[in-house]
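Trainee: Here you go, data09.cif (mmCIF, C-alpha atoms):
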data_entry
loop_
_atom_site.label_atom_id
_atom_site.label_comp_id
_atom_site.auth_asym_id
_atom_site.auth_seq_id
_atom_site.Cartn_x
_atom_site.Cartn_y
_atom_site.Cartn_z
CA MET A 1 0.00 0.00 0.00
CA LYS A 2 1.39 3.41 -0.94
CA ARG A 3 2.11 5.97 1.74
CA PRO A 4 -0.10 9.09 1.66
CA ALA A 5 1.58 12.14 0.16
CA LEU A 6 1.80 13.79 3.59
CA LYS A 7 3.61 10.76 4.96
CA ARG A 8 6.04 10.71 2.04
CA THR A 9 6.80 14.38 2.60
CA ALA A 10 7.40 13.81 6.32
CA VAL A 11 9.78 10.94 5.58
CA SER A 12 11.69 13.01 3.02
CA LEU A 13 12.11 15.83 5.52
CA LEU A 14 13.21 13.34 8.16
CA LEU A 15 15.90 11.84 5.94
CA LEU A 16 17.11 15.32 5.03
CA ALA A 17 17.29 16.25 8.72
CA LEU A 18 19.24 13.09 9.56
CA ALA A 19 21.86 14.03 7.01
CA VAL A 20 22.69 17.13 9.07
CA PRO A 21 24.47 16.35 12.36
CA ALA A 22 22.88 17.85 15.45
CA SER A 23 25.23 20.26 17.22
CA ALA A 24 23.55 20.33 20.61
CA ALA A 25 20.89 18.69 22.69
CA PRO A 26 19.15 21.30 24.87
CA LEU A 27 16.95 18.62 26.42
CA ASN A 28 19.94 16.91 28.09
CA THR A 29 19.28 18.42 31.49
CA GLU A 30 15.57 17.68 31.38
CA VAL A 31 16.13 14.08 30.31
CA ALA A 32 18.76 13.49 32.99
CA GLY A 33 16.46 14.94 35.64
CA LYS A 34 13.54 12.76 34.58
CA VAL A 35 15.66 9.60 34.63
CA ASP A 36 17.20 10.44 38.00
CA GLY A 37 13.76 11.04 39.49
CA MET A 38 12.34 7.73 38.29
CA TYR A 39 15.39 5.63 39.13
CA PRO A 40 13.99 3.94 42.27
CA TRP A 41 11.19 2.56 40.10
CA LEU A 42 13.62 1.41 37.41
CA ASP A 43 15.87 -0.25 39.98
CA GLY A 44 12.93 -2.20 41.40
CA VAL A 45 11.79 -3.32 37.96
CA TYR A 46 15.32 -4.29 36.96
CA LYS A 47 15.97 -6.44 40.02
CA ASP A 48 12.61 -8.17 39.67
CA LEU A 49 13.33 -8.96 36.01
CA HIS A 50 16.85 -10.11 36.87
CA ALA A 51 15.53 -12.54 39.46
CA HIS A 52 12.88 -14.03 37.13
CA PRO A 53 14.38 -14.64 33.67
CA GLU A 54 12.55 -16.74 31.10
CA ILE A 55 14.08 -18.32 28.01
CA ALA A 56 13.06 -17.92 24.37
CA PHE A 57 9.29 -18.04 23.71
CA GLN A 58 8.58 -18.72 27.40
CA GLU A 59 8.67 -15.03 28.43
CA VAL A 60 5.06 -14.92 29.67
CA ARG A 61 5.68 -13.30 33.07
CA THR A 62 8.27 -10.91 31.65
CA ALA A 63 6.03 -9.74 28.81
CA GLY A 64 3.10 -9.34 31.17
CA LYS A 65 5.12 -7.14 33.52
CA LEU A 66 6.30 -4.85 30.71
CA ALA A 67 2.80 -4.68 29.23
CA GLY A 68 1.37 -3.59 32.58
CA GLU A 69 4.00 -0.87 33.04
CA MET A 70 3.49 0.49 29.51
CA ARG A 71 -0.27 0.66 29.92
CA LYS A 72 0.23 2.73 33.07
CA LEU A 73 2.27 5.17 30.95
CA GLY A 74 -0.59 5.55 28.47
CA PHE A 75 0.61 3.32 25.62
CA GLU A 76 -1.79 1.18 23.59
CA VAL A 77 -0.41 -2.32 24.18
CA THR A 78 -0.91 -5.43 22.07
CA GLU A 79 0.40 -8.64 23.59
CA LYS A 80 1.30 -12.06 22.15
CA VAL A 81 2.85 -10.69 18.97
CA GLY A 82 5.20 -13.38 17.68
CA ARG A 83 3.86 -15.61 20.53
CA THR A 84 5.16 -13.74 23.60
CA GLY A 85 6.22 -10.33 22.30
CA LEU A 86 4.36 -7.06 22.68
CA VAL A 87 3.91 -3.80 20.77
CA ALA A 88 3.23 -0.52 22.60
CA ILE A 89 2.09 2.50 20.58
CA LEU A 90 1.87 6.14 21.68
CA ARG A 91 0.70 8.76 19.16
CA ASN A 92 1.57 12.39 19.73
CA GLY A 93 0.59 14.32 16.62
CA ALA A 94 1.92 14.29 13.07
CA GLY A 95 5.51 13.21 12.64
CA PRO A 96 7.79 10.22 12.10
CA THR A 97 7.26 6.81 13.68
CA VAL A 98 10.24 5.63 15.76
CA LEU A 99 10.69 2.00 16.77
CA VAL A 100 12.53 1.20 20.01
CA ARG A 101 13.24 -2.47 20.61
CA THR A 102 14.08 -4.43 23.72
CA GLU A 103 14.47 -8.18 24.22
CA LEU A 104 12.63 -10.33 26.74
CA ASP A 105 14.57 -13.57 27.00
CA GLY A 106 17.26 -14.86 29.31
CA LEU A 107 19.59 -17.82 28.87
CA PRO A 108 19.37 -21.46 30.01
CA MET A 109 22.30 -21.38 32.44
CA GLU A 110 22.96 -20.98 36.15
CA GLU A 111 23.89 -17.57 37.54
CA LYS A 112 26.99 -17.51 39.75
CA THR A 113 27.26 -13.81 40.59
CA GLY A 114 26.23 -14.15 44.24
CA LEU A 115 24.08 -11.02 43.96
CA PRO A 116 21.26 -10.70 46.49
CA TYR A 117 18.79 -10.58 43.59
CA ALA A 118 20.45 -13.39 41.61
CA SER A 119 18.18 -15.68 39.62
CA ARG A 120 17.24 -19.11 40.90
CA ASN A 121 14.56 -19.43 38.25
CA ARG A 122 14.28 -22.50 36.04
CA THR A 123 12.85 -23.24 32.63
CA GLN A 124 9.18 -24.28 32.45
CA ASP A 125 10.15 -27.95 32.43
CA GLY A 126 12.56 -27.46 35.34
CA ALA A 127 15.45 -28.87 33.33
CA THR A 128 17.87 -25.99 33.80
CA PHE A 129 18.39 -22.71 35.60
CA THR A 130 17.82 -19.44 33.75
CA THR A 131 19.64 -16.12 33.99
CA HIS A 132 19.87 -12.72 32.36
CA SER A 133 23.58 -13.12 31.66
CA CYS A 134 23.38 -11.08 28.45
CA GLY A 135 21.94 -7.93 30.01
CA HIS A 136 18.44 -8.04 28.58
CA ASP A 137 17.16 -6.99 32.01
CA VAL A 138 19.23 -3.80 31.69
CA HIS A 139 17.76 -3.26 28.23
CA MET A 140 14.19 -3.69 29.46
CA ALA A 141 14.69 -1.26 32.35
CA ALA A 142 16.22 1.31 30.00
CA TRP A 143 13.38 0.74 27.51
CA LEU A 144 10.83 1.51 30.21
CA GLY A 145 12.87 4.49 31.38
CA ALA A 146 13.00 5.94 27.87
CA ALA A 147 9.27 5.37 27.39
CA ARG A 148 8.40 7.18 30.63
CA THR A 149 10.85 10.02 29.89
CA LEU A 150 9.34 10.58 26.45
CA VAL A 151 5.82 10.54 27.88
CA GLU A 152 6.80 13.14 30.46
CA LEU A 153 8.35 15.29 27.69
CA LYS A 154 5.43 14.98 25.25
CA ALA A 155 5.30 18.75 24.79
CA GLN A 156 8.81 18.64 23.29
CA TRP A 157 8.21 16.29 20.36
CA LYS A 158 5.73 15.14 17.73
CA GLY A 159 5.28 11.75 16.12
CA THR A 160 4.55 8.14 17.06
CA LEU A 161 6.45 5.91 19.47
CA MET A 162 6.49 2.21 18.63
CA PHE A 163 8.09 0.39 21.55
CA ILE A 164 8.41 -3.34 20.90
CA ALA A 165 9.47 -6.06 23.34
CA GLN A 166 10.75 -8.97 21.32
CA PRO A 167 10.96 -12.62 22.38
CA ALA A 168 13.74 -15.06 21.57
CA GLU A 169 16.64 -12.82 20.65
CA GLU A 170 19.07 -15.39 22.04
CA THR A 171 17.90 -17.95 19.49
CA VAL A 172 17.97 -15.30 16.73
CA SER A 173 14.35 -16.06 15.91
CA GLY A 174 12.14 -13.60 17.79
CA ALA A 175 12.37 -10.68 15.36
CA ARG A 176 11.38 -12.90 12.45
CA ALA A 177 8.51 -14.33 14.52
CA MET A 178 7.18 -10.80 15.09
CA LEU A 179 7.43 -9.89 11.41
CA ASP A 180 5.75 -13.14 10.42
CA ASP A 181 2.95 -12.22 12.84
CA GLY A 182 2.32 -9.02 10.90
CA LEU A 183 4.40 -6.50 12.86
CA PHE A 184 4.59 -3.99 10.01
CA LYS A 185 1.13 -4.78 8.68
CA ARG A 186 -0.88 -4.66 11.90
CA PHE A 187 1.10 -1.67 13.20
CA PRO A 188 2.75 1.37 11.58
CA LYS A 189 5.95 0.66 9.69
CA PRO A 190 8.53 2.82 11.42
CA ASP A 191 10.65 5.48 9.75
CA VAL A 192 13.61 4.95 12.11
CA ALA A 193 14.56 2.17 14.54
CA PHE A 194 16.83 2.07 17.62
CA ALA A 195 18.10 -0.66 19.94
CA LEU A 196 20.85 -0.81 22.54
CA HIS A 197 22.94 -3.53 24.16
CA SER A 198 24.83 -3.64 27.44
CA TRP A 199 28.53 -4.33 26.99
CA PRO A 200 31.56 -4.76 29.28
CA LEU A 201 32.54 -1.09 28.97
CA ALA A 202 32.83 1.50 31.71
CA TYR A 203 29.43 2.72 32.85
CA GLY A 204 28.65 6.18 31.53
CA THR A 205 30.09 5.11 28.16
CA VAL A 206 28.09 4.85 24.94
CA GLY A 207 29.66 3.08 21.95
CA PHE A 208 28.51 2.99 18.32
CA GLU A 209 29.66 2.84 14.72
CA ALA A 210 28.33 3.42 11.22
CA GLY A 211 28.06 0.37 9.00
CA PRO A 212 28.31 -3.20 10.38
CA VAL A 213 28.08 -3.47 14.18
CA SER A 214 27.41 -7.21 14.54
CA SER A 215 28.19 -10.35 12.59
CA ASN A 216 26.33 -12.65 10.27
CA SER A 217 25.65 -15.89 12.12
CA ASP A 218 25.27 -19.35 10.59
CA ALA A 219 25.34 -22.76 12.24
CA LEU A 220 26.93 -25.91 10.86
CA GLU A 221 25.79 -29.43 11.66
CA ILE A 222 27.68 -32.20 9.88
CA ARG A 223 27.31 -35.95 10.25
CA PHE A 224 30.35 -37.79 9.00
CA ASN A 225 29.43 -41.32 7.95
CA GLY A 226 31.83 -44.23 8.27
CA ARG A 227 31.70 -47.96 8.86
CA GLY A 228 31.93 -49.22 12.41
CA GLY A 229 34.39 -51.85 13.51
CA HIS A 230 36.92 -53.03 16.08
CA GLY A 231 39.52 -50.54 17.20
CA SER A 232 42.26 -53.14 16.69
CA ALA A 233 41.37 -53.57 13.00
CA PRO A 234 40.83 -50.09 11.55
CA ASP A 235 41.44 -51.42 8.03
CA LYS A 236 38.15 -53.29 8.28
CA ALA A 237 36.28 -50.06 9.09
CA ILE A 238 36.00 -46.47 7.87
CA ASP A 239 36.81 -44.21 10.81
CA PRO A 240 34.48 -41.14 10.97
CA ILE A 241 36.42 -39.78 13.96
CA ALA A 242 39.54 -39.45 11.84
CA ILE A 243 37.46 -37.83 9.08
CA ALA A 244 35.93 -35.35 11.53
CA ALA A 245 39.37 -34.57 12.98
CA ARG A 246 40.74 -33.87 9.49
CA PHE A 247 37.79 -31.60 8.76
CA ILE A 248 38.18 -29.65 12.03
CA VAL A 249 41.81 -28.87 11.20
CA ASP A 250 41.50 -28.34 7.45
CA VAL A 251 38.44 -26.09 7.57
CA GLN A 252 40.56 -23.42 9.25
CA THR A 253 42.49 -22.99 5.99
CA VAL A 254 39.32 -21.53 4.50
CA VAL A 255 39.70 -18.73 7.05
CA SER A 256 43.50 -18.40 6.92
CA ARG A 257 44.16 -19.05 3.21
CA GLU A 258 41.00 -18.30 1.23
CA LYS A 259 39.38 -15.34 2.98
CA ASP A 260 40.76 -11.83 2.55
CA PRO A 261 42.86 -11.37 5.74
CA LYS A 262 41.53 -7.82 6.12
CA GLU A 263 37.96 -9.11 6.40
CA PHE A 264 36.48 -10.67 9.54
CA GLY A 265 35.47 -14.32 9.42
CA VAL A 266 35.44 -17.16 11.95
CA VAL A 267 34.61 -20.88 11.81
CA THR A 268 34.44 -22.41 15.28
CA ILE A 269 33.69 -26.05 16.06
CA GLY A 270 31.99 -26.16 19.43
CA ALA A 271 30.83 -29.78 19.70
CA ILE A 272 31.81 -33.22 18.47
CA GLN A 273 29.99 -36.40 19.42
CA GLY A 274 30.82 -39.93 18.37
CA GLY A 275 31.58 -43.33 19.76
CA THR A 276 30.94 -45.02 23.08
CA VAL A 277 34.14 -46.76 24.22
CA GLY A 278 37.81 -46.69 23.29
CA ASN A 279 38.04 -49.93 21.31
CA ILE A 280 35.09 -49.42 18.94
CA ILE A 281 35.16 -47.37 15.76
CA PRO A 282 31.69 -45.80 15.46
CA ASP A 283 29.50 -45.60 12.36
CA THR A 284 29.02 -41.83 12.57
CA VAL A 285 30.36 -38.67 14.19
CA GLN A 286 28.37 -35.46 14.63
CA VAL A 287 30.14 -32.07 14.44
CA ARG A 288 28.50 -28.74 15.32
CA GLY A 289 29.84 -25.24 15.02
CA THR A 290 29.27 -21.59 14.21
CA ILE A 291 30.28 -19.41 11.26
CA ARG A 292 30.60 -15.63 11.72
CA SER A 293 31.31 -12.81 9.26
CA TYR A 294 30.46 -9.20 8.51
CA SER A 295 30.22 -9.01 4.72
CA PRO A 296 27.93 -11.06 2.45
CA GLU A 297 30.92 -12.02 0.29
CA VAL A 298 32.87 -13.50 3.20
CA ARG A 299 29.74 -15.21 4.45
CA THR A 300 29.29 -16.97 1.11
CA LYS A 301 32.97 -17.94 0.92
CA LEU A 302 32.93 -19.48 4.41
CA LEU A 303 29.70 -21.40 3.82
CA ASP A 304 30.95 -22.75 0.49
CA GLY A 305 34.31 -23.61 2.06
CA VAL A 306 32.79 -25.53 4.96
CA ARG A 307 30.72 -27.67 2.62
CA ARG A 308 33.64 -28.30 0.25
CA VAL A 309 36.10 -29.27 3.01
CA ALA A 310 33.53 -31.57 4.65
CA ASN A 311 32.97 -33.45 1.40
CA ALA A 312 36.70 -33.56 0.63
CA SER A 313 37.53 -34.92 4.09
CA ALA A 314 35.12 -37.79 3.56
CA ALA A 315 36.30 -38.42 0.00
CA MET A 316 39.92 -38.70 1.15
CA ALA A 317 38.88 -41.64 3.36
CA ASP A 318 36.73 -43.18 0.63
CA ALA A 319 33.79 -42.73 2.99
CA PRO A 320 30.16 -42.05 2.15
CA ALA A 321 29.33 -38.40 1.63
CA PRO A 322 28.65 -36.50 4.85
CA ASP A 323 25.30 -35.00 5.70
CA VAL A 324 25.99 -31.25 5.77
CA ARG A 325 23.48 -28.78 7.18
CA LEU A 326 24.32 -25.07 7.07
CA ILE A 327 21.62 -23.28 9.03
CA PRO A 328 21.13 -19.55 8.41
CA GLY A 329 21.10 -17.38 11.51
CA GLY A 330 21.03 -13.63 11.98
CA ALA A 331 22.31 -11.17 9.41
CA ALA A 332 24.80 -8.47 10.37
CA ILE A 333 23.30 -5.25 11.69
CA VAL A 334 24.33 -2.37 9.45
CA ASN A 335 23.82 1.04 11.08
CA ASP A 336 22.59 3.92 8.94
CA ALA A 337 25.48 6.37 8.55
CA ALA A 338 23.37 9.54 8.56
CA LEU A 339 21.44 8.48 11.65
CA VAL A 340 24.68 7.62 13.43
CA ARG A 341 26.26 10.98 12.59
CA ARG A 342 23.28 12.89 13.98
CA THR A 343 22.97 10.74 17.10
CA GLU A 344 26.73 10.82 17.71
CA ALA A 345 26.61 14.61 18.07
CA ILE A 346 23.74 14.29 20.54
CA PHE A 347 25.54 11.62 22.59
CA GLN A 348 28.78 13.60 22.68
CA ASP A 349 26.92 16.66 23.88
CA ALA A 350 25.20 14.63 26.60
CA PHE A 351 28.03 12.37 27.80
CA GLY A 352 31.18 14.06 26.53
CA ALA A 353 33.39 13.15 23.59
CA LYS A 354 35.48 10.76 25.74
CA ASN A 355 32.40 8.78 26.74
CA ALA A 356 30.50 8.75 23.42
CA VAL A 357 32.88 6.86 21.18
CA ARG A 358 33.17 4.92 17.97
CA MET A 359 33.95 1.25 18.61
CA PRO A 360 34.65 -1.85 16.48
CA ALA A 361 31.78 -4.11 15.47
CA MET A 362 31.10 -7.00 17.81
CA THR A 363 31.69 -10.51 16.52
CA ALA A 364 28.49 -11.75 18.17
CA SER A 365 25.17 -11.75 16.32
CA GLU A 366 21.80 -10.08 16.86
CA ASP A 367 18.47 -10.27 15.05
CA PHE A 368 17.74 -6.52 15.25
CA SER A 369 18.99 -6.66 11.66
CA VAL A 370 15.64 -8.20 10.66
CA TYR A 371 13.94 -4.84 11.21
CA ALA A 372 16.71 -2.81 9.57
CA ASN A 373 16.61 -5.05 6.52
CA GLU A 374 12.99 -4.07 5.96
CA GLY A 375 14.36 -0.77 4.66
CA ILE A 376 14.31 1.11 7.98
CA PRO A 377 17.22 3.46 8.82
CA SER A 378 18.46 1.97 12.10
CA MET A 379 21.03 2.42 14.84
CA PHE A 380 22.20 -0.19 17.33
CA PHE A 381 24.49 1.08 20.08
CA PHE A 382 26.22 -0.14 23.23
CA THR A 383 26.23 1.08 26.84
CA GLY A 384 28.73 0.24 29.56
CA VAL A 385 27.96 -1.62 32.79
CA TYR A 386 31.17 -1.80 34.88
CA ALA A 387 32.99 0.66 37.14
CA PRO A 388 35.69 2.53 35.16
CA GLU A 389 38.44 1.41 37.54
CA VAL A 390 37.42 -2.24 37.08
CA VAL A 391 37.57 -1.86 33.30
CA ALA A 392 40.97 -0.13 33.56
CA GLU A 393 42.30 -2.95 35.75
CA ALA A 394 41.16 -5.55 33.20
CA GLN A 395 43.02 -3.72 30.45
CA ARG A 396 46.33 -3.81 32.33
CA ALA A 397 48.75 -6.69 31.75
CA GLY A 398 47.85 -9.43 34.22
CA GLY A 399 44.68 -7.60 35.30
CA LYS A 400 41.52 -9.42 36.33
CA PRO A 401 39.44 -10.15 33.22
CA LEU A 402 35.93 -8.77 32.96
CA ALA A 403 33.00 -11.16 32.95
CA PHE A 404 31.70 -10.95 29.39
CA ASN A 405 28.12 -11.29 28.18
CA HIS A 406 26.89 -14.90 28.56
CA SER A 407 29.25 -15.50 31.47
CA PRO A 408 27.56 -16.90 34.63
CA TYR A 409 29.42 -14.08 36.46
CA TYR A 410 28.12 -11.24 34.24
CA ALA A 411 26.93 -8.66 36.77
CA PRO A 412 26.17 -5.15 35.49
CA VAL A 413 26.27 -2.37 38.08
CA PRO A 414 22.64 -1.15 37.96
CA GLU A 415 23.34 2.50 38.82
CA PRO A 416 24.43 4.40 36.79
CA SER A 417 24.37 1.80 33.98
CA ILE A 418 20.59 1.85 33.64
CA LYS A 419 20.46 5.64 33.92
CA THR A 420 22.96 6.04 31.09
CA ALA A 421 21.10 3.58 28.86
CA ALA A 422 17.73 5.22 29.51
CA ARG A 423 19.14 8.71 28.89
CA ALA A 424 20.89 7.63 25.70
CA MET A 425 17.79 6.00 24.25
CA SER A 426 15.58 8.94 25.19
CA LEU A 427 17.96 11.40 23.52
CA ALA A 428 18.36 9.21 20.43
CA VAL A 429 14.58 9.20 19.91
CA LEU A 430 14.30 12.92 20.63
CA GLY A 431 17.00 13.47 18.01
CA VAL A 432 14.46 12.27 15.44
CA LEU A 433 11.20 13.56 16.91
CA ALA A 434 12.24 16.88 18.49
CA ARG A 435 13.97 19.97 17.12
CA LEU A 436 17.25 19.66 19.00
#
Show the structure stored in the file as structure tokens.

Mentor:
Amino acid sequence: MKRPALKRTAVSLLLLALAVPASAAPLNTEVAGKVDGMYPWLDGVYKDLHAHPEIAFQEVRTAGKLAGEMRKLGFEVTEKVGRTGLVAILRNGAGPTVLVRTELDGLPMEEKTGLPYASRNRTQDGATFTTHSCGHDVHMAAWLGAARTLVELKAQWKGTLMFIAQPAEETVSGARAMLDDGLFKRFPKPDVAFALHSWPLAYGTVGFEAGPVSSNSDALEIRFNGRGGHGSAPDKAIDPIAIAARFIVDVQTVVSREKDPKEFGVVTIGAIQGGTVGNIIPDTVQVRGTIRSYSPEVRTKLLDGVRRVANASAAMADAPAPDVRLIPGGAAIVNDAALVRRTEAIFQDAFGAKNAVRMPAMTASEDFSVYANEGIPSMFFFTGVYAPEVVAEAQRAGGKPLAFNHSPYYAPVPEPSIKTAARAMSLAVLGVLARL
């Protein structure tokens, strides 16, 4: 369906405005004051979410809590989008529509931080502990903080807020589930989209970059087929363990000898299963791994290389062809350069040039790219969670390493980490909706 002429004009003006960097953000003081005043509420919400994480597509309690808070702020809330996600809309006159995304899910692992509000939650089937060891609880608190700040500053901006809480980011499937459930058909298609991610940086720091900021992610699952036999008579068998071992070593030459060394690309084998005891050669061996890249060209080269080396490894042993599955995951997030330039000026004005910095793309993956790839100018940025002195110590030779995302010891410092994230997101949105 075509956009009305008025909408097309508004979008054209928006894109023109984004091309001009903002030189100042006069709402900095107001935003900081709003976030400071609401912090006790945010701290309570954060610690409750931290103590009750739910894994992908099980986020019923989490989604319900966010839905209730957003309704109190005056948003129109639709639940169960993409199974457990929600969409919250607030209209405030004519203007652009800005999407702000948070994630709902935790991870199936045990928390070992020792925090007084540490999670002892388990999955619905009780099989494993769950924890917010990737910082999604920080993101949700900041998301709520930005929503409340923007509501309290409604006189300063015009447009539509589209706050979405997405399930299943950790399985890189929640964004697609929301789109498949009609996200941009049942609700306005946004003109701009933002998301943030906690990162082991000093709190008070905001990091970002134009272009790629995350990696393409693909999984490999390969079954090498052999012929079982006695370990004392390998000539009477075809050994799939030896084939798998050859593949694990040789596939690295795709990275070191075929890929442009200036381009990022990784093939990691994370699991190998085969055999039962030491004196039996098994029939099959299963290998699982991950493939990461930034550019589409490197992604294609790595995928083709993995398949070719797997088949060659089997052929060298005169074994049956392997069963190779290359499973697409998330695409790299590519930040819009004009949006980054404008928001960078706003962040530097708010947090200082030393604390609002360009940073390299992460090698991890994220499915926020699903929204950006619908033709929406987008920006994904990072906010720090550790005391500056702790980060400095980790950077010294022999210093204590920081607990990274997905570590059972990942323990963001709530204040001021959540304040910084909420302020940054509020200002990013105001950079599009207000005349800064």

Trainee: Per residue of stretch 149-254 of chain A within 9 Å of stretch 263-275 of chain A, record the nearest atom pair and its distance in Å to one decimal, counting all atoms listed in the file, with rows in chain order and ascending residue number, as JSON lines.

Mentor:
{"residue": "A:Ser215", "atom": "CA", "partner": "A:Phe264", "partner_atom": "CA", "distance": 8.8}
{"residue": "A:Leu220", "atom": "CA", "partner": "A:Ile269", "partner_atom": "CA", "distance": 8.5}
{"residue": "A:Pro240", "atom": "CA", "partner": "A:Gly274", "partner_atom": "CA", "distance": 8.3}
{"residue": "A:Ile241", "atom": "CA", "partner": "A:Gly274", "partner_atom": "CA", "distance": 7.1}
{"residue": "A:Ala244", "atom": "CA", "partner": "A:Ile272", "partner_atom": "CA", "distance": 8.3}
{"residue": "A:Ile248", "atom": "CA", "partner": "A:Ile269", "partner_atom": "CA", "distance": 7.0}
{"residue": "A:Val251", "atom": "CA", "partner": "A:Val267", "partner_atom": "CA", "distance": 7.7}
{"residue": "A:Gln252", "atom": "CA", "partner": "A:Val267", "partner_atom": "CA", "distance": 7.0}
{"residue": "A:Val254", "atom": "CA", "partner": "A:Val267", "partner_atom": "CA", "distance": 8.7}

Trainee: Once the PyMOL selection byres ((chain A and resi 305) around 12) has been evaluated on this model, what residues remain selected, and can you format them as a ChimeraX atom specification?

Mentor: /A:220,247,250-259,265-267,291,298-304,306-313,324,326

Trainee: May I have the residues within 8 Å of A:Ala356 as a PyMOL selection string, using only C-alpha atoms and disregarding those fewer than 2 positions away in the same chain?

Mentor: chain A and resi 205-208+344+347-348+351-354+358

Trainee: Which residues match the PyMOL selection byres ((chain A and resi 39) around 12) in the file above, as a count of residues only?

Mentor: 31

Trainee: Might you spell out which residues the PyMOL selection byres ((chain A and resi 362) around 7) would select in the displayed file, as a PDB file with C-alpha atoms, in the frame of the given file?

Mentor:
ATOM      1  CA  VAL A 213      28.080  -3.470  14.180  1.00  0.00           C
ATOM      2  CA  SER A 214      27.410  -7.210  14.540  1.00  0.00           C
ATOM      3  CA  SER A 215      28.190 -10.350  12.590  1.00  0.00           C
ATOM      4  CA  PRO A 360      34.650  -1.850  16.480  1.00  0.00           C
ATOM      5  CA  ALA A 361      31.780  -4.110  15.470  1.00  0.00           C
ATOM      6  CA  THR A 363      31.690 -10.510  16.520  1.00  0.00           C
ATOM      7  CA  ALA A 364      28.490 -11.750  18.170  1.00  0.00           C
TER       8      ALA A 364
END

Trainee: For a cut-off of 12 Å around (24.9, -11.9, 12.7), file coordinates, pick out all residues using all atoms listed in the file and list them as number ranges by chain.

Mentor: A: 169-173, 212-219, 265-266, 290-296, 299, 328-334, 361-370

Trainee: One decimal, in Å: what's the spacing between atom CA of A:Glu76 and atom CA of A:Ser378?

Mentor: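 Result for atom CA of A:Glu76 versus atom CA of A:Ser378: 23.3 Å, one decimal.
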
Trainee: Could you check which of A:Val340, A:Val357, A:Leu179, A:Ile281 is closest to A:Ala202, using all atoms listed in the file?

Mentor: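 Closest candidate: A:Val357.
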
Trainee: Write out as an NGL selection string which residues come within 12 Å of A:Gly228 when counting only C-alpha atoms, dropping same-chain ones fewer than 5 positions away.

Mentor: :A and (233-241 or 274-276 or 279-285 or 319)

Trainee: Return the single residue from A:Leu99, A:Asp48, A:Ala94, A:Tyr203 that is closest to A:Ala387, with distances computed using only C-alpha atoms.

Mentor: A:Tyr203

Trainee: Neighbouring residues of A:Phe404 were defined as those with any atom within 12 Å, considering only C-alpha atoms; residues of the same chain fewer than 3 positions away were excluded. Please report them as a PDB file with C-alpha atoms, in the coordinates of the input.

Mentor:
ATOM      1  CA  SER A 133      23.580 -13.120  31.660  1.00  0.00           C
ATOM      2  CA  CYS A 134      23.380 -11.080  28.450  1.00  0.00           C
ATOM      3  CA  GLY A 135      21.940  -7.930  30.010  1.00  0.00           C
ATOM      4  CA  SER A 198      24.830  -3.640  27.440  1.00  0.00           C
ATOM      5  CA  TRP A 199      28.530  -4.330  26.990  1.00  0.00           C
ATOM      6  CA  PRO A 200      31.560  -4.760  29.280  1.00  0.00           C
ATOM      7  CA  LEU A 201      32.540  -1.090  28.970  1.00  0.00           C
ATOM      8  CA  ALA A 364      28.490 -11.750  18.170  1.00  0.00           C
ATOM      9  CA  GLY A 384      28.730   0.240  29.560  1.00  0.00           C
ATOM     10  CA  VAL A 385      27.960  -1.620  32.790  1.00  0.00           C
ATOM     11  CA  TYR A 386      31.170  -1.800  34.880  1.00  0.00           C
ATOM     12  CA  VAL A 391      37.570  -1.860  33.300  1.00  0.00           C
ATOM     13  CA  ALA A 394      41.160  -5.550  33.200  1.00  0.00           C
ATOM     14  CA  PRO A 401      39.440 -10.150  33.220  1.00  0.00           C
ATOM     15  CA  SER A 407      29.250 -15.500  31.470  1.00  0.00           C
ATOM     16  CA  PRO A 408      27.560 -16.900  34.630  1.00  0.00           C
ATOM     17  CA  TYR A 409      29.420 -14.080  36.460  1.00  0.00           C
ATOM     18  CA  TYR A 410      28.120 -11.240  34.240  1.00  0.00           C
ATOM     19  CA  ALA A 411      26.930  -8.660  36.770  1.00  0.00           C
ATOM     20  CA  PRO A 412      26.170  -5.150  35.490  1.00  0.00           C
TER      21      PRO A 412
END

Trainee: For atom CA of A:Arg120 and atom CA of A:His52, determine how far apart the two atoms are, in Å to one decimal place.

Mentor: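 These atoms are spaced 7.7 Å apart.
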
Trainee: Return the single residue from A:Ala372, A:Ala242, A:Val413, A:Val249 that is closest to A:Val390, with distances computed using all atoms listed in the file.

Mentor: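 Closest to A:Val390, using all atoms listed in the file: A:Val413.
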
Trainee: Find the distance between atom CA of A:Thr84 and atom CA of A:Gln58 and write it in Å to one decimal.

Mentor: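 One can read the atom CA of A:Thr84 to atom CA of A:Gln58 distance as 7.1 Å.
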
Trainee: Using all atoms listed in the file, pick whichever of A:Gly95, A:Gly226, A:Gly85, A:Pro26 has the shortest atom-to-atom distance to A:Ala350.

Mentor: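 For A:Ala350, the nearest of the given residues is A:Pro26.
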